[in-house]
There are 2 protein chains.
Amino acid sequence: MTAKTVKIGLVGYGTIGTGVARVLFENADEISARTGFRLELSRVVDTDTQSPRKFNLPAGILTSDLQALLADKSIEIAVELVGGTGFARELVLNLLQSGKHVVTANKALLAEHGPELYHAARSAGRCIAFEASCCGGIPIISALRTGLAANRITGLYGIFNGTCNYILTNMTNRGAEFCEALKEAQKLGFAEADPALDINGTDTAHKLAILSGLAFNRPVGMEDIHIEGIENIDIFDIRSGQEMGYLLKLLAIGEKMPDGGISLRVHPCFISAGSPLAQVKGPFNAVSLFGNAVGNVMFYGRGAGMMATASAVAADIIEIAMGNSQRLFETMPMASGSVEGAFRSIDEIDSRFYIRIMAKDEPGVFAGYAQILSNHRISISGAIQHEWDGPDGTVPVVITTHSAPQRNMNAALKELERSQVICGKPICIRIVNIPEDNES
Amino acid sequence: MTAKTVKIGLVGYGTIGTGVARVLFENADEISARTGFRLELSRVVDTDTQSPRKFNLPAGILTSDLQALLADKSIEIAVELVGGTGFARELVLNLLQSGKHVVTANKALLAEHGPELYHAARSAGRCIAFEASCCGGIPIISALRTGLAANRITGLYGIFNGTCNYILTNMTNRGAEFCEALKEAQKLGFAEADPALDINGTDTAHKLAILSGLAFNRPVGMEDIHIEGIENIDIFDIRSGQEMGYLLKLLAIGEKMPDGGISLRVHPCFISAGSPLAQVKGPFNAVSLFGNAVGNVMFYGRGAGMMATASAVAADIIEIAMGNSQRLFETMPMASGSVEGAFRSIDEIDSRFYIRIMAKDEPGVFAGYAQILSNHRISISGAIQHEWDGPDGTVPVVITTHSAPQRNMNAALKELERSQVICGKPICIRIVNIPEDNES
């Protein structure tokens, strides 16, 4: 069988771009054996055509001439790897208008301008594929759109940011302070020079916007997601949580309530040390999904990096070359106006909580804050007060609670802060019980 | 948008069939939202049309008339769920000849008659889809064919049989003997009344044949796989392995050597207690894959059961309705004559080993069997001889070795057996070092 050749253009020859070129050239035989196609990378556009890269393109492919790529009708599929949401947005619109299907790894672009771009693609009769935008090489978007397509998804719990997970793993395992763990992540290349979007939860929320849109069949915007980062996590609380059987993770959570309401949130939380997600260490990512037919499935792998992300970009190119992505894109509910399920504010969500207060070491103090929690109908499930001196004659008291509405906890925290029995602000971290799949 | 209707026929209304009907009816809205199709289960054929099932079909659908289904041209997709390899083979051939695409969960059928059936499907211009044949609801076949399609797969390590994993988990955690753990698995419905194909490794090998064919792009027959079961596993060895940091699992292993050779095997083995596959407990399945771009990815979920398997059957129906499966099937290398990579006999494979011998408690004995191993160039990496009385004045001695060829170990085991220093046959279990993905 003579393999059909499909021509590919690529814009942005940085780290991921280099990885994509390497996969397409080095694994050409595998790809051809599986698909019957030869994927030919025929033009690569970058403003920098001189710097050495980790993969040397054959002569004549690397160019700074974007117009030539746009004008080249033989190129059916274009890969956007320039990053950012300004030029990238214009670029994708231009690529679509010039008749090319677009593959992108740009989660920020899709989370912020998804509906506009999906609409433009449909108008142009083209598709946008974006497996590489979430969780690197883990084929999670493909799983949601095909392998699990017959399921009503009820829950999605993910570790989506390798930088945060590396930092938290390092704090947990080596007792490193946050700043120290962040510096090491930067030194090893797991964290950007400006890691703000990673550690404040924005990057995780970008991915949750994309994946929850697919899981729950509706458009999701960043404004629909409650976001908290890990920048204020203290090693003391990680240690105290561990003592109680919990590990701290930055989780992306999407839950569909029985009444159809949807809760989307990104925040640090304690999860049981025995849960599969708690085993996800260092720069790895994982997604745990619950479907009403499949039960619990979990996917685990490298969430970032040159080759893992390139694997996902190449998968999208293959799916477009075969014509599969086009059909999936036509019906993708997150691109359409259809809206299923209303979003729930974090205030309405029930959760268990870990609270740490620096209490005055005096008689009646424990009774004092127990009474405050009780005033707000919050029930204590565990408590630890070690004999340990904090600043100004205080002692740290750690309390865990049974499930209570966030609204009640917010009110209780305000009252605790005003009370005479504690110093400073109480620390409050949610405890998330990831459902267990015990059905036999 | 008015959804297009696709008619489905189903043969075999047992447990899985009931689950498929339930998914298609109960999740019709989800499926329609994601795909734009209404999947209409229009005929269900079973010899038993009277017994109560866990899902009640609308009147007029359940029938014993297979010919009517075959003759019904409006049915584009037929699901084979009768099981076995005799009637099922004929049925699939008939369904294809009558112009229907076929979805099957029948791993034995595909592992034993795959090439014949794939050829018949291609001749008829139809496809066979079989996501449900491996690992229940885990979308592993879809991942190999699309999400990871750009990778050269170098290794595949899987826990594919829930019965065996349940038994081994129970032996490990509760110290149950094999027979006792098997009986409990049967009582809970995890094991068949005749569990022979599960515990002797055949079922795992069926799945390995299918998945390694996709991973390594070539047809794989049962004769290409070395198979050992768990029927002779002694609780003593599970305990001793644990003492040394290992857990016992029945693994399916597919490895592609740098020179292109392929090793396929199913056998009980010790793996590091800290490895992700070691965390897979009870009736769950998992697949850990290594690709030259993606690195390590792992998939985890229910490997069997009514609804998980139904989720995979429904996914295949959806993929055919969208036209995606047909294109993938056309180029599927495991269905074609193309052959990549030669199989390696188990004798040629290097492995680490755990050996337990019942040694006579006399001077010079340890030196005796250490010398025998040394004669065959096998190097000892660890040893434990507890002060404990075995039968006939023997003591159990446990030895672990560095990596050595199976051929050398076989010769050493023969010599040990003949020697005067031990009683009975030595027990030998492979230790498998699953690669770690540490690349940053």
# chains A, B, ... in the order shown; residues from 1 in each chain; ligands from 1
>>> interface_residues(of="chain A", to="chain B", cutoff="7 Å", atoms="only C-alpha atoms", output="number ranges by chain")
A: 23, 27, 30-31, 33-36, 137-139, 142-143, 146-152, 217, 293-301, 307-308, 311-312, 314-315, 319, 322, 324, 327-328, 331-333
>>> residues_around(residues="A:Gly125", least_positions_apart="5", cutoff="9 Å", atoms="only C-alpha atoms", output="MDAnalysis selection string")
chainID A and resid 96 99 101 120 326 330
>>> select_by_dssp(residues="stretch 174-229 of chain B", states="alpha helix (DSSP H)", output="number ranges by chain")
B: 174, 178-187, 196-199, 202-216
>>> write_last_selection(atoms="C-alpha atoms", output="compact mmCIF listing (two decimals), in the first residue's frame")
# COMPACT_ATOMS: atom_id res chain seq x y z
CA ARG B 174 -4.74 -11.30 54.61
CA PHE B 178 -4.47 -19.81 47.29
CA CYS B 179 -7.47 -22.18 47.50
CA GLU B 180 -9.17 -20.10 50.16
CA ALA B 181 -8.65 -16.84 48.18
CA LEU B 182 -9.97 -18.49 45.02
CA LYS B 183 -13.10 -19.70 46.82
CA GLU B 184 -13.77 -16.21 48.13
CA ALA B 185 -13.31 -14.70 44.67
CA GLN B 186 -15.89 -17.18 43.37
CA LYS B 187 -18.28 -16.39 46.21
CA ALA B 196 -9.05 -22.37 34.91
CA LEU B 197 -8.54 -19.88 32.05
CA ASP B 198 -8.14 -17.06 34.56
CA ILE B 199 -5.69 -18.62 36.95
CA THR B 202 -4.73 -17.86 29.37
CA ASP B 203 -7.18 -15.00 29.77
CA THR B 204 -4.33 -12.56 30.43
CA ALA B 205 -2.50 -13.92 27.37
CA HIS B 206 -5.59 -13.42 25.18
CA LYS B 207 -5.53 -9.73 26.09
CA LEU B 208 -1.76 -9.48 25.65
CA ALA B 209 -2.09 -10.97 22.16
CA ILE B 210 -4.55 -8.24 21.20
CA LEU B 211 -2.77 -5.30 22.87
CA SER B 212 0.76 -6.26 21.85
CA GLY B 213 -0.42 -6.64 18.25
CA LEU B 214 -1.57 -3.01 18.38
CA ALA B 215 1.47 -1.82 20.32
CA PHE B 216 4.06 -3.49 18.12
>>> residues_around(residues="A:Tyr246", least_positions_apart="4", cutoff="10 Å", atoms="only C-alpha atoms", output="list in words")
Ile238, Arg239, Ser240, Gly241, Gln242, Cys269, Phe270, Ile271, Ser272, Ala273, Gly274, Ser275, Ala278, Ile431 and Val432 of chain A
>>> closest_residue(among="B:Ile380, B:Ala3, B:Leu95, B:Ala88", to="B:Leu69", atoms="only C-alpha atoms")
B:Leu95
>>> atom_distance(atom1="atom CA of A:Asp389", atom2="atom CA of A:Glu362")
12.6 Å
>>> atom_distance(atom1="atom CA of B:Gly393", atom2="atom CA of B:Leu373")
23.1 Å
>>> residues_around(residues="B:Lys100", least_positions_apart="5", cutoff="12 Å", atoms="only C-alpha atoms", output="number ranges by chain")
B: 6-10, 69-80, 91-95, 120-122, 124-129, 317, 320-321, 326
>>> write_last_selection(atoms="N, CA and C atoms", output="mmCIF file, in the first residue's frame")
data_model
loop_
_atom_site.group_PDB
_atom_site.id
_atom_site.type_symbol
_atom_site.label_atom_id
_atom_site.label_comp_id
_atom_site.auth_asym_id
_atom_site.auth_seq_id
_atom_site.Cartn_x
_atom_site.Cartn_y
_atom_site.Cartn_z
ATOM 1 N N VAL B 6 -28.882 5.819 14.395
ATOM 2 C CA VAL B 6 -28.121 4.653 13.940
ATOM 3 C C VAL B 6 -28.685 3.430 14.658
ATOM 4 N N LYS B 7 -29.066 2.416 13.880
ATOM 5 C CA LYS B 7 -29.695 1.236 14.492
ATOM 6 C C LYS B 7 -28.667 0.168 14.852
ATOM 7 N N ILE B 8 -28.872 -0.416 16.031
ATOM 8 C CA ILE B 8 -27.936 -1.381 16.583
ATOM 9 C C ILE B 8 -28.650 -2.702 16.806
ATOM 10 N N GLY B 9 -27.973 -3.803 16.501
ATOM 11 C CA GLY B 9 -28.460 -5.120 16.874
ATOM 12 C C GLY B 9 -27.509 -5.743 17.875
ATOM 13 N N LEU B 10 -28.026 -6.587 18.737
ATOM 14 C CA LEU B 10 -27.175 -7.175 19.778
ATOM 15 C C LEU B 10 -27.492 -8.665 19.881
ATOM 16 N N LEU B 69 -32.472 -10.547 12.461
ATOM 17 C CA LEU B 69 -31.440 -9.518 12.676
ATOM 18 C C LEU B 69 -30.488 -9.474 11.484
ATOM 19 N N LEU B 70 -30.051 -10.662 11.047
ATOM 20 C CA LEU B 70 -29.126 -10.717 9.902
ATOM 21 C C LEU B 70 -29.762 -10.094 8.657
ATOM 22 N N ALA B 71 -31.065 -10.312 8.492
ATOM 23 C CA ALA B 71 -31.739 -9.836 7.284
ATOM 24 C C ALA B 71 -32.123 -8.363 7.357
ATOM 25 N N ASP B 72 -32.073 -7.782 8.548
ATOM 26 C CA ASP B 72 -32.528 -6.401 8.738
ATOM 27 C C ASP B 72 -31.454 -5.422 8.248
ATOM 28 N N LYS B 73 -31.657 -4.893 7.048
ATOM 29 C CA LYS B 73 -30.636 -4.030 6.432
ATOM 30 C C LYS B 73 -30.510 -2.687 7.146
ATOM 31 N N SER B 74 -31.531 -2.342 7.934
ATOM 32 C CA SER B 74 -31.450 -1.043 8.612
ATOM 33 C C SER B 74 -30.475 -1.075 9.793
ATOM 34 N N ILE B 75 -30.088 -2.290 10.207
ATOM 35 C CA ILE B 75 -29.123 -2.410 11.314
ATOM 36 C C ILE B 75 -27.713 -2.366 10.756
ATOM 37 N N GLU B 76 -26.985 -1.286 11.086
ATOM 38 C CA GLU B 76 -25.640 -1.099 10.541
ATOM 39 C C GLU B 76 -24.562 -1.710 11.428
ATOM 40 N N ILE B 77 -24.858 -1.802 12.727
ATOM 41 C CA ILE B 77 -23.848 -2.227 13.694
ATOM 42 C C ILE B 77 -24.416 -3.363 14.535
ATOM 43 N N ALA B 78 -23.677 -4.471 14.624
ATOM 44 C CA ALA B 78 -24.131 -5.594 15.445
ATOM 45 C C ALA B 78 -23.105 -5.878 16.538
ATOM 46 N N VAL B 79 -23.601 -6.208 17.725
ATOM 47 C CA VAL B 79 -22.732 -6.479 18.869
ATOM 48 C C VAL B 79 -22.781 -7.968 19.177
ATOM 49 N N GLU B 80 -21.622 -8.624 19.155
ATOM 50 C CA GLU B 80 -21.537 -10.050 19.477
ATOM 51 C C GLU B 80 -21.172 -10.193 20.936
ATOM 52 N N LEU B 91 -20.951 -16.657 13.959
ATOM 53 C CA LEU B 91 -21.857 -15.517 14.073
ATOM 54 C C LEU B 91 -21.210 -14.255 13.518
ATOM 55 N N VAL B 92 -19.952 -13.999 13.923
ATOM 56 C CA VAL B 92 -19.267 -12.783 13.456
ATOM 57 C C VAL B 92 -19.125 -12.819 11.944
ATOM 58 N N LEU B 93 -18.759 -13.985 11.395
ATOM 59 C CA LEU B 93 -18.631 -14.100 9.938
ATOM 60 C C LEU B 93 -19.967 -13.803 9.253
ATOM 61 N N ASN B 94 -21.047 -14.331 9.813
ATOM 62 C CA ASN B 94 -22.373 -14.089 9.236
ATOM 63 C C ASN B 94 -22.786 -12.621 9.331
ATOM 64 N N LEU B 95 -22.499 -12.022 10.471
ATOM 65 C CA LEU B 95 -22.864 -10.605 10.652
ATOM 66 C C LEU B 95 -22.117 -9.743 9.638
ATOM 67 N N ALA B 120 -11.952 -11.389 6.864
ATOM 68 C CA ALA B 120 -13.349 -11.447 6.411
ATOM 69 C C ALA B 120 -13.986 -10.060 6.454
ATOM 70 N N ALA B 121 -13.664 -9.306 7.501
ATOM 71 C CA ALA B 121 -14.238 -7.958 7.623
ATOM 72 C C ALA B 121 -13.755 -7.076 6.481
ATOM 73 N N ARG B 122 -12.462 -7.156 6.182
ATOM 74 C CA ARG B 122 -11.930 -6.313 5.096
ATOM 75 C C ARG B 122 -12.547 -6.695 3.752
ATOM 76 N N ALA B 124 -15.444 -7.853 3.304
ATOM 77 C CA ALA B 124 -16.832 -7.395 3.279
ATOM 78 C C ALA B 124 -16.928 -5.873 3.344
ATOM 79 N N GLY B 125 -15.778 -5.195 3.451
ATOM 80 C CA GLY B 125 -15.802 -3.731 3.568
ATOM 81 C C GLY B 125 -16.385 -3.262 4.888
ATOM 82 N N ARG B 126 -16.250 -4.078 5.903
ATOM 83 C CA ARG B 126 -16.769 -3.733 7.222
ATOM 84 C C ARG B 126 -15.630 -3.776 8.245
ATOM 85 N N CYS B 127 -15.913 -3.344 9.472
ATOM 86 C CA CYS B 127 -14.855 -3.368 10.475
ATOM 87 C C CYS B 127 -15.283 -4.131 11.713
ATOM 88 N N ILE B 128 -14.282 -4.539 12.482
ATOM 89 C CA ILE B 128 -14.516 -5.164 13.781
ATOM 90 C C ILE B 128 -13.909 -4.240 14.832
ATOM 91 N N ALA B 129 -14.686 -3.893 15.839
ATOM 92 C CA ALA B 129 -14.191 -3.037 16.917
ATOM 93 C C ALA B 129 -14.229 -3.840 18.210
ATOM 94 N N ILE B 317 -19.410 1.291 19.552
ATOM 95 C CA ILE B 317 -20.593 1.589 18.725
ATOM 96 C C ILE B 317 -20.538 3.044 18.257
ATOM 97 N N ILE B 320 -17.914 3.631 15.561
ATOM 98 C CA ILE B 320 -18.347 3.149 14.241
ATOM 99 C C ILE B 320 -19.406 4.092 13.669
ATOM 100 N N ALA B 321 -20.346 4.511 14.521
ATOM 101 C CA ALA B 321 -21.395 5.430 14.047
ATOM 102 C C ALA B 321 -20.772 6.692 13.462
ATOM 103 N N GLN B 326 -13.834 2.612 11.224
ATOM 104 C CA GLN B 326 -13.621 2.044 9.893
ATOM 105 C C GLN B 326 -12.244 2.417 9.359
#
>>> select_by_dssp(residues="stretch 85-141 of chain A", states="strand (DSSP E or B)", output="PyMOL selection string")
chain A and resi 101-104+128-129
>>> atom_distance(atom1="atom CA of B:Gly260", atom2="atom CA of A:Phe25")
18.6 Å
